[in-house]
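Coordinates from model08.txt are shown below (compact mmCIF, C-alpha atoms).
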```txt
# COMPACT_ATOMS: atom_id res chain seq x y z
CA MET Y 1 58.41 153.28 -50.35
CA ILE Y 2 58.73 157.05 -50.52
CA GLU Y 3 55.94 157.25 -53.09
CA LYS Y 4 53.72 155.20 -50.81
CA GLU Y 5 54.35 157.56 -47.86
CA GLU Y 6 53.68 160.60 -50.02
CA LYS Y 7 50.46 159.03 -51.23
CA GLU Y 8 49.35 158.30 -47.66
CA GLU Y 9 50.24 161.85 -46.60
CA LYS Y 10 48.17 163.29 -49.45
CA GLU Y 11 45.24 161.10 -48.43
CA GLU Y 12 45.53 162.35 -44.85
CA ASN Y 13 45.66 165.97 -46.02
CA LYS Y 14 42.59 165.42 -48.15
CA GLU Y 15 40.75 163.93 -45.17
CA GLU Y 16 41.75 166.86 -42.94
CA MET Y 17 40.66 169.37 -45.59
CA LYS Y 18 37.35 167.55 -45.92
CA GLN Y 19 36.79 167.64 -42.15
CA MET Y 20 37.67 171.34 -41.99
CA LYS Y 21 35.21 172.14 -44.80
CA GLU Y 22 32.48 170.15 -43.05
CA LYS Y 23 33.21 172.02 -39.79
CA GLU Y 24 33.12 175.38 -41.54
CA SER Y 25 29.91 174.39 -43.26
CA CYS Y 26 28.29 173.57 -39.89
CA GLN Y 27 29.54 176.81 -38.41
CA ASP Y 28 28.16 178.74 -41.37
CA LEU Y 29 24.73 177.35 -40.56
CA ILE Y 30 24.87 179.32 -37.32
CA TYR Y 31 26.99 182.28 -38.27
CA ASN Y 32 28.72 183.15 -41.55
CA PRO Y 33 31.89 185.15 -40.79
CA ARG Y 34 32.24 186.17 -44.42
CA THR Y 35 28.87 187.93 -44.56
CA GLY Y 36 28.41 188.64 -40.85
CA GLU Y 37 24.91 187.15 -40.91
CA SER Y 38 23.19 184.41 -38.95
CA HIS Y 39 21.37 181.65 -40.78
CA PRO Y 40 17.71 182.78 -41.02
CA SER Y 41 16.29 179.32 -40.38
CA LEU Y 42 17.91 179.20 -36.93
CA LEU Y 43 16.48 182.51 -35.69
CA PRO Y 44 13.04 181.02 -34.86
CA VAL Y 45 14.78 178.25 -32.95
CA PHE Y 46 16.85 180.78 -31.01
CA TYR Y 47 13.84 182.97 -30.18
CA GLY Y 48 11.82 179.90 -29.25
CA PHE Y 49 14.58 178.89 -26.84
CA LEU Y 50 14.54 182.35 -25.24
CA ALA Y 51 10.75 182.28 -24.92
CA GLY Y 52 10.93 178.84 -23.31
CA MET Y 53 13.54 179.99 -20.81
CA PHE Y 54 11.45 183.06 -19.93
CA SER Y 55 8.30 180.97 -19.45
CA LEU Y 56 10.15 178.49 -17.26
CA THR Y 57 11.59 181.31 -15.14
CA MET Y 58 8.16 182.88 -14.65
CA TRP Y 59 6.62 179.51 -13.75
CA VAL Y 60 9.28 178.86 -11.12
CA MET Y 61 8.80 182.35 -9.66
CA LEU Y 62 5.01 181.95 -9.47
CA GLN Y 63 5.41 178.73 -7.51
CA THR Y 64 7.08 180.71 -4.72
CA LEU Y 65 4.16 183.16 -4.26
CA ASP Y 66 1.78 182.77 -1.38
CA GLU Y 67 -1.85 183.23 -2.46
CA ASN Y 68 -2.67 184.53 1.01
CA VAL Y 69 -0.23 187.41 0.65
CA PRO Y 70 -0.64 190.37 -1.72
CA ARG Y 71 1.75 190.12 -4.64
CA TYR Y 72 2.40 193.86 -4.72
CA GLN Y 73 3.56 195.46 -1.51
CA ASP Y 74 5.70 198.43 -0.60
CA ARG Y 75 9.41 197.68 -0.29
CA VAL Y 76 9.23 199.18 3.17
CA ALA Y 77 6.73 198.96 5.97
CA ASN Y 78 5.46 202.48 5.32
CA PRO Y 79 2.17 202.42 3.41
CA GLY Y 80 1.39 204.64 0.48
CA LEU Y 81 -1.63 206.93 0.25
CA VAL Y 82 -3.95 207.59 -2.67
CA ILE Y 83 -6.73 210.13 -3.02
CA ARG Y 84 -10.04 210.29 -4.82
CA PRO Y 85 -10.80 212.14 -6.99
CA HIS Y 86 -7.63 210.82 -8.60
CA ALA Y 87 -5.93 214.00 -9.75
CA ALA Y 88 -2.84 215.99 -8.90
CA GLU Y 89 -4.87 219.15 -9.46
CA ILE Y 90 -8.58 219.40 -8.65
CA SER Y 91 -9.81 222.52 -10.38
CA PHE Y 92 -13.48 223.34 -11.04
CA ASN Y 93 -16.20 225.99 -11.21
CA ARG Y 94 -18.76 225.29 -8.51
CA SER Y 95 -21.54 226.90 -10.56
CA ASP Y 96 -21.06 224.49 -13.47
CA GLN Y 97 -22.01 220.88 -12.70
CA THR Y 98 -20.43 219.57 -15.89
CA ASN Y 99 -17.19 221.11 -14.69
CA TYR Y 100 -16.92 218.91 -11.60
CA ASN Y 101 -19.08 215.92 -12.54
CA GLN Y 102 -16.02 213.79 -13.33
CA TYR Y 103 -14.79 214.16 -9.75
CA VAL Y 104 -18.19 213.33 -8.28
CA GLN Y 105 -18.49 210.19 -10.41
CA GLN Y 106 -15.09 208.95 -9.19
CA LEU Y 107 -16.23 209.27 -5.58
CA HIS Y 108 -19.53 207.48 -6.20
CA LYS Y 109 -17.68 204.65 -7.97
CA LEU Y 110 -15.22 204.26 -5.10
CA LEU Y 111 -17.98 204.08 -2.49
CA GLN Y 112 -20.16 201.49 -4.22
CA ASP Y 113 -18.48 198.66 -2.30
CA TYR Y 114 -19.09 200.58 0.93
CA ASN Y 115 -22.85 200.87 0.58
CA ASP Y 116 -24.51 200.15 3.93
CA SER Y 117 -26.63 197.36 2.44
CA LEU Y 118 -23.46 195.50 1.39
CA GLN Y 119 -21.47 196.22 4.52
CA GLU Y 120 -24.22 194.92 6.79
CA ARG Y 121 -23.32 191.42 5.54
CA ASN Y 122 -19.90 191.83 7.16
CA ASP Y 123 -19.01 191.52 10.83
CA LEU Y 124 -19.32 194.02 13.63
CA CYS Y 125 -15.81 194.03 15.04
CA LEU Y 126 -14.54 195.26 18.39
CA VAL Y 127 -13.56 198.91 18.28
CA ASP Y 128 -9.92 199.73 19.05
CA GLU Y 129 -8.85 196.07 18.90
CA TYR Y 130 -7.00 194.23 16.15
CA THR Y 131 -8.99 191.62 14.28
CA GLU Y 132 -6.34 188.93 14.44
CA GLN Y 133 -7.42 185.62 12.94
CA ASP Y 134 -4.26 183.79 11.92
CA ASP Y 135 -5.75 180.39 12.75
CA LYS Y 136 -8.81 180.77 10.52
CA PRO Y 137 -8.64 179.75 6.83
CA LEU Y 138 -11.30 182.28 5.79
CA LYS Y 139 -11.13 185.63 7.49
CA LYS Y 140 -14.09 187.71 8.58
CA VAL Y 141 -14.44 191.22 7.24
CA CYS Y 142 -15.19 194.19 9.47
CA GLN Y 143 -17.92 196.59 8.46
CA PHE Y 144 -17.01 199.98 7.07
CA LYS Y 145 -20.27 201.63 6.11
CA ARG Y 146 -20.46 204.43 3.61
CA SER Y 147 -22.64 206.39 6.00
CA THR Y 148 -19.64 206.61 8.35
CA LEU Y 149 -18.32 209.35 6.09
CA ARG Y 150 -21.44 211.42 6.81
CA GLN Y 151 -21.27 214.70 4.84
CA CYS Y 152 -18.69 213.13 2.52
CA SER Y 153 -20.67 209.92 1.94
CA GLY Y 154 -22.56 211.20 -1.09
CA LEU Y 155 -25.81 210.17 0.60
CA THR Y 156 -26.97 213.45 2.07
CA ASP Y 157 -25.19 215.52 -0.57
CA ASN Y 158 -25.00 213.84 -3.96
CA SER Y 159 -22.30 216.29 -5.12
CA PHE Y 160 -19.89 215.59 -2.22
CA GLY Y 161 -19.74 219.31 -1.47
CA PHE Y 162 -18.55 220.31 -4.95
CA ALA Y 163 -21.76 222.22 -5.67
CA GLU Y 164 -21.22 224.49 -2.66
CA GLY Y 165 -17.51 224.91 -3.31
CA LYS Y 166 -16.51 222.80 -0.29
CA PRO Y 167 -15.32 219.56 -1.92
CA CYS Y 168 -14.76 216.25 -0.18
CA ILE Y 169 -11.52 214.36 -0.73
CA ILE Y 170 -11.31 210.68 0.18
CA ILE Y 171 -8.02 209.12 1.22
CA LYS Y 172 -7.22 205.45 1.37
CA MET Y 173 -4.09 203.63 2.39
CA ASN Y 174 -2.37 200.62 0.83
CA ARG Y 175 -3.49 197.36 2.35
CA LEU Y 176 -1.38 196.40 5.35
CA LEU Y 177 -0.40 192.90 6.40
CA VAL Y 178 0.83 194.18 9.74
CA ALA Y 179 -1.01 195.75 12.62
CA LEU Y 180 -0.07 199.27 13.61
CA ILE Y 181 -0.77 200.85 16.96
CA ILE Y 182 -2.23 204.14 15.75
CA ILE Y 183 -3.08 205.23 12.25
CA ILE Y 184 -4.18 208.77 11.64
CA ILE Y 185 -4.43 210.61 8.34
CA ILE Y 186 -3.32 214.20 8.81
CA ILE Y 187 -4.17 216.79 6.17
CA THR Y 188 -2.52 220.17 6.15
CA SER Y 189 -2.54 223.22 3.93
CA LEU Y 190 0.90 224.15 2.63
CA LEU Y 191 -0.12 227.81 2.38
CA LEU Y 192 0.75 228.90 5.89
CA ASP Y 193 -0.43 232.48 5.35
CA ASN Y 194 -4.00 231.31 4.83
CA PRO Y 195 -4.47 227.81 6.29
CA LEU Y 196 -7.52 225.87 5.17
CA GLN Y 197 -10.28 224.89 7.53
CA MET Y 198 -11.38 221.28 7.15
CA GLN Y 199 -13.53 218.59 8.69
CA TYR Y 200 -12.61 214.89 9.02
CA PHE Y 201 -14.81 211.82 8.66
CA PRO Y 202 -14.40 209.69 10.75
CA SER Y 203 -13.50 212.29 13.33
CA GLU Y 204 -9.81 213.16 13.70
CA GLY Y 205 -9.01 211.16 10.54
CA ARG Y 206 -8.44 208.01 12.58
CA LEU Y 207 -8.41 204.52 11.08
CA ASP Y 208 -9.52 202.05 13.73
CA LYS Y 209 -7.31 199.09 14.60
CA MET Y 210 -10.14 196.63 13.98
CA PHE Y 211 -9.52 196.83 10.20
CA PHE Y 212 -6.03 195.38 10.58
CA PRO Y 213 -4.27 193.21 9.68
CA TYR Y 214 -5.15 192.31 6.11
CA TYR Y 215 -4.62 188.64 5.21
CA GLY Y 216 -4.40 188.72 1.43
CA LYS Y 217 -6.78 188.48 -1.50
CA LYS Y 218 -7.57 184.77 -1.21
CA ALA Y 219 -8.34 184.55 2.51
CA HIS Y 220 -9.71 188.09 2.77
CA SER Y 221 -11.53 188.29 -0.55
CA ASP Y 222 -14.29 190.69 0.60
CA TYR Y 223 -11.98 192.98 2.55
CA VAL Y 224 -12.49 196.71 2.06
CA GLN Y 225 -9.95 199.28 3.13
CA PRO Y 226 -11.00 201.81 5.75
CA LEU Y 227 -11.27 205.34 4.43
CA VAL Y 228 -10.81 208.86 5.66
CA ALA Y 229 -12.70 211.73 4.09
CA VAL Y 230 -11.96 215.41 4.52
CA LYS Y 231 -14.25 218.26 3.63
CA LEU Y 232 -12.34 221.37 2.60
CA LEU Y 233 -14.22 224.28 4.13
CA LEU Y 234 -13.28 226.88 1.57
CA THR Y 235 -14.55 230.43 1.98
CA LYS Y 236 -15.09 233.13 -0.63
CA ASP Y 237 -11.62 234.42 0.13
CA ASP Y 238 -10.23 231.04 -0.95
CA TYR Y 239 -11.89 231.08 -4.38
CA ASP Y 240 -9.66 231.44 -7.44
CA VAL Y 241 -6.62 230.72 -5.24
CA GLU Y 242 -4.62 227.55 -5.78
CA GLN Y 243 -4.43 225.66 -2.50
CA MET Y 244 -1.62 223.19 -1.83
CA VAL Y 245 -2.73 220.30 0.37
CA GLU Y 246 -0.70 217.44 1.81
CA CYS Y 247 -2.01 214.23 3.39
CA ARG Y 248 0.26 212.03 5.46
CA VAL Y 249 -0.16 208.95 7.59
CA GLU Y 250 0.95 208.90 11.21
CA GLY Y 251 1.44 205.69 13.18
CA SER Y 252 3.88 203.59 15.10
CA HIS Y 253 7.10 202.80 13.22
CA LEU Y 254 5.98 204.82 10.21
CA ARG Y 255 7.97 207.43 8.36
CA ASN Y 256 6.62 210.22 6.19
CA ASP Y 257 9.56 212.63 6.14
CA ASP Y 258 12.02 210.90 3.82
CA ASP Y 259 13.16 213.52 1.30
CA ARG Y 260 14.45 210.73 -0.98
CA ASP Y 261 10.91 209.40 -1.42
CA LYS Y 262 8.31 212.16 -1.61
CA PHE Y 263 5.46 209.62 -1.80
CA GLN Y 264 6.36 207.55 1.23
CA GLY Y 265 3.43 207.79 3.62
CA ARG Y 266 2.10 210.97 2.06
CA VAL Y 267 0.45 212.47 -0.98
CA SER Y 268 0.08 216.07 -2.15
CA PHE Y 269 -2.40 217.71 -4.46
CA ARG Y 270 -3.67 221.15 -5.51
CA VAL Y 271 -7.20 222.50 -5.28
CA LYS Y 272 -8.60 225.55 -7.04
CA VAL Y 273 -12.30 226.49 -6.89
CA SER Y 274 -13.95 229.21 -8.94
CA LYS Y 275 -17.30 230.85 -8.24
```

structure tokens encoding of this file:
Amino acid sequence: MIEKEEKEEKEENKEEMKQMKEKESCQDLIYNPRTGESHPSLLPVFYGFLAGMFSLTMWVMLQTLDENVPRYQDRVANPGLVIRPHAAEISFNRSDQTNYNQYVQQLHKLLQDYNDSLQERNDLCLVDEYTEQDDKPLKKVCQFKRSTLRQCSGLTDNSFGFAEGKPCIIIKMNRLLVALIIIIIIITSLLLDNPLQMQYFPSEGRLDKMFFPYYGKKAHSDYVQPLVAVKLLLTKDDYDVEQMVECRVEGSHLRNDDDRDKFQGRVSFRVKVSK
């Protein structure tokens, strides 16, 4: 009887040892604690799983986006400003066309969509009134003709003033989904001892309310942002002197004085012109 029990106990121990070895063998397929390595054949499966999870997450996120709303917007209501030519420092010799040609080409490229012949296809909107059209699936686009920028249009002066040492700078604002009461681009020289003289186009640097709001890329596919151009009226005394210039946007409920964000509602750049 005792021998029979011992025999049964040995059989049970053998079965337990067999199960433990099978379990360790399965675990070793994933991770071998003796070598500290993962089984190479499972790595593609693991990476494939991660790629699938990432793709699924992106697909779910994209389903929540509204095609009538820009995907990239400021975190706050304050719009950002950008300038053309796109440079933190605009430095050139006015007597050498090759020296400033890159800046001129940037301005011509920007204004191609604003050519009068193209803008005449768009609507004449009411001045000083918002163009609100929430109930319309396709939104009309208000005209902003290149010729509005006059001396900074590149039409009467192909060099945008660079040849005479009085360059034009064009400022545009991020597209806004909301309507603001007043939007004015203010440009100031940071050298208070010798402030720059300048001329705005349109006058006073004002962006008319008729260009707002913007309804997104799908509904407002032909929309063009209104622009402000400023002609820096440099004199001979200003040549070979680095000028610090700041542009900022003024309007209702807008901020441009947050020291934590130097680019909120403003942009700064340097200008240096040589004879």

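Our summary of the geometry notes that CA of Asp157 in chain Y is positioned 29.4 Å from CA of Glu250 in chain Y.
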
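Shortest separation to Cys152 in chain Y among Y:Leu56, Y:Ile170, Y:Leu81, Y:Ile184 occurs at residue Y:Ile170, atoms counted being all atoms listed in the file.
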
Query raised in the report: If you measure from CA of His86 in chain Y to CA of Lys209 in chain Y, what distance in Å do you get, rounded to one decimal?
Result: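 The value is 26.0 Å.
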
If we count all atoms listed in the file and set the cut-off at 9 Å, which residues sit around Ala87 in chain Y, ignoring sequence neighbours fewer than 6 positions away in its own chain? Please answer as a PDB file with C-alpha atoms, keeping the file's coordinate frame.
```pdb
ATOM      1  CA  TYR Y 103     -14.790 214.160  -9.750  1.00  0.00           C
ATOM      2  CA  PHE Y 269      -2.400 217.710  -4.460  1.00  0.00           C
ATOM      3  CA  ARG Y 270      -3.670 221.150  -5.510  1.00  0.00           C
TER       4      ARG Y 270
END
```

Report task. Using all atoms listed in the file, determine which residues lie at most 10 Å from Gln133 in chain Y, disregarding the query and same-chain residues fewer than 4 positions distant; provide the list as a list in words. Result -> Pro137, Leu138, Lys139, Lys140, Pro213, Tyr214 and Tyr215 of chain Y

Query raised in the report: For Cys168 in chain Y, which residue out of Y:Lys218, Y:Arg206, Y:Arg150, Y:Arg121 is the nearest one, using all atoms listed in the file?
Result: Y:Arg150

Report task. List the neighbours of Gln119 in chain Y out to 9 Å using all atoms listed in the file; skip same-chain residues closer than 5 positions along the sequence, and give me the result as number ranges by chain. Result -> Y: 113-114, 142-146

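Between CA of Leu107 in chain Y and CA of Val267 in chain Y the interatomic distance comes to 17.6 Å.
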
Query - Counting only C-alpha atoms, the residue of Y:His108, Y:Phe160, Y:Phe211, Y:Phe92 that sits nearest Leu126 in chain Y - result: Y:Phe211

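Closest approach to Gln151 in chain Y among Y:Pro226, Y:Pro167, Y:Gly80, Y:Gly52: Y:Pro167, based on only C-alpha atoms.
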
Query raised in the report: Could you pull the residues within 10 Å of Ile183 in chain Y, counting all atoms listed in the file, minus those fewer than 6 positions along the same chain, as a PyMOL selection string?
Result: chain Y and resi 205-209+249-252+254

Report task. Would you mind telling me which residue in Y:Glu129, Y:Gln112, Y:Asp134, Y:Thr156 lies nearest to Ala219 in chain Y when using only C-alpha atoms? Result ->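 Result for the nearest residue to Ala219 in chain Y: Y:Asp134.
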
Query raised in the report: Y:Ile171, Y:Leu149, Y:Val224, Y:Val271: which is nearest Arg84 in chain Y, counting only C-alpha atoms?
Result: Y:Ile171
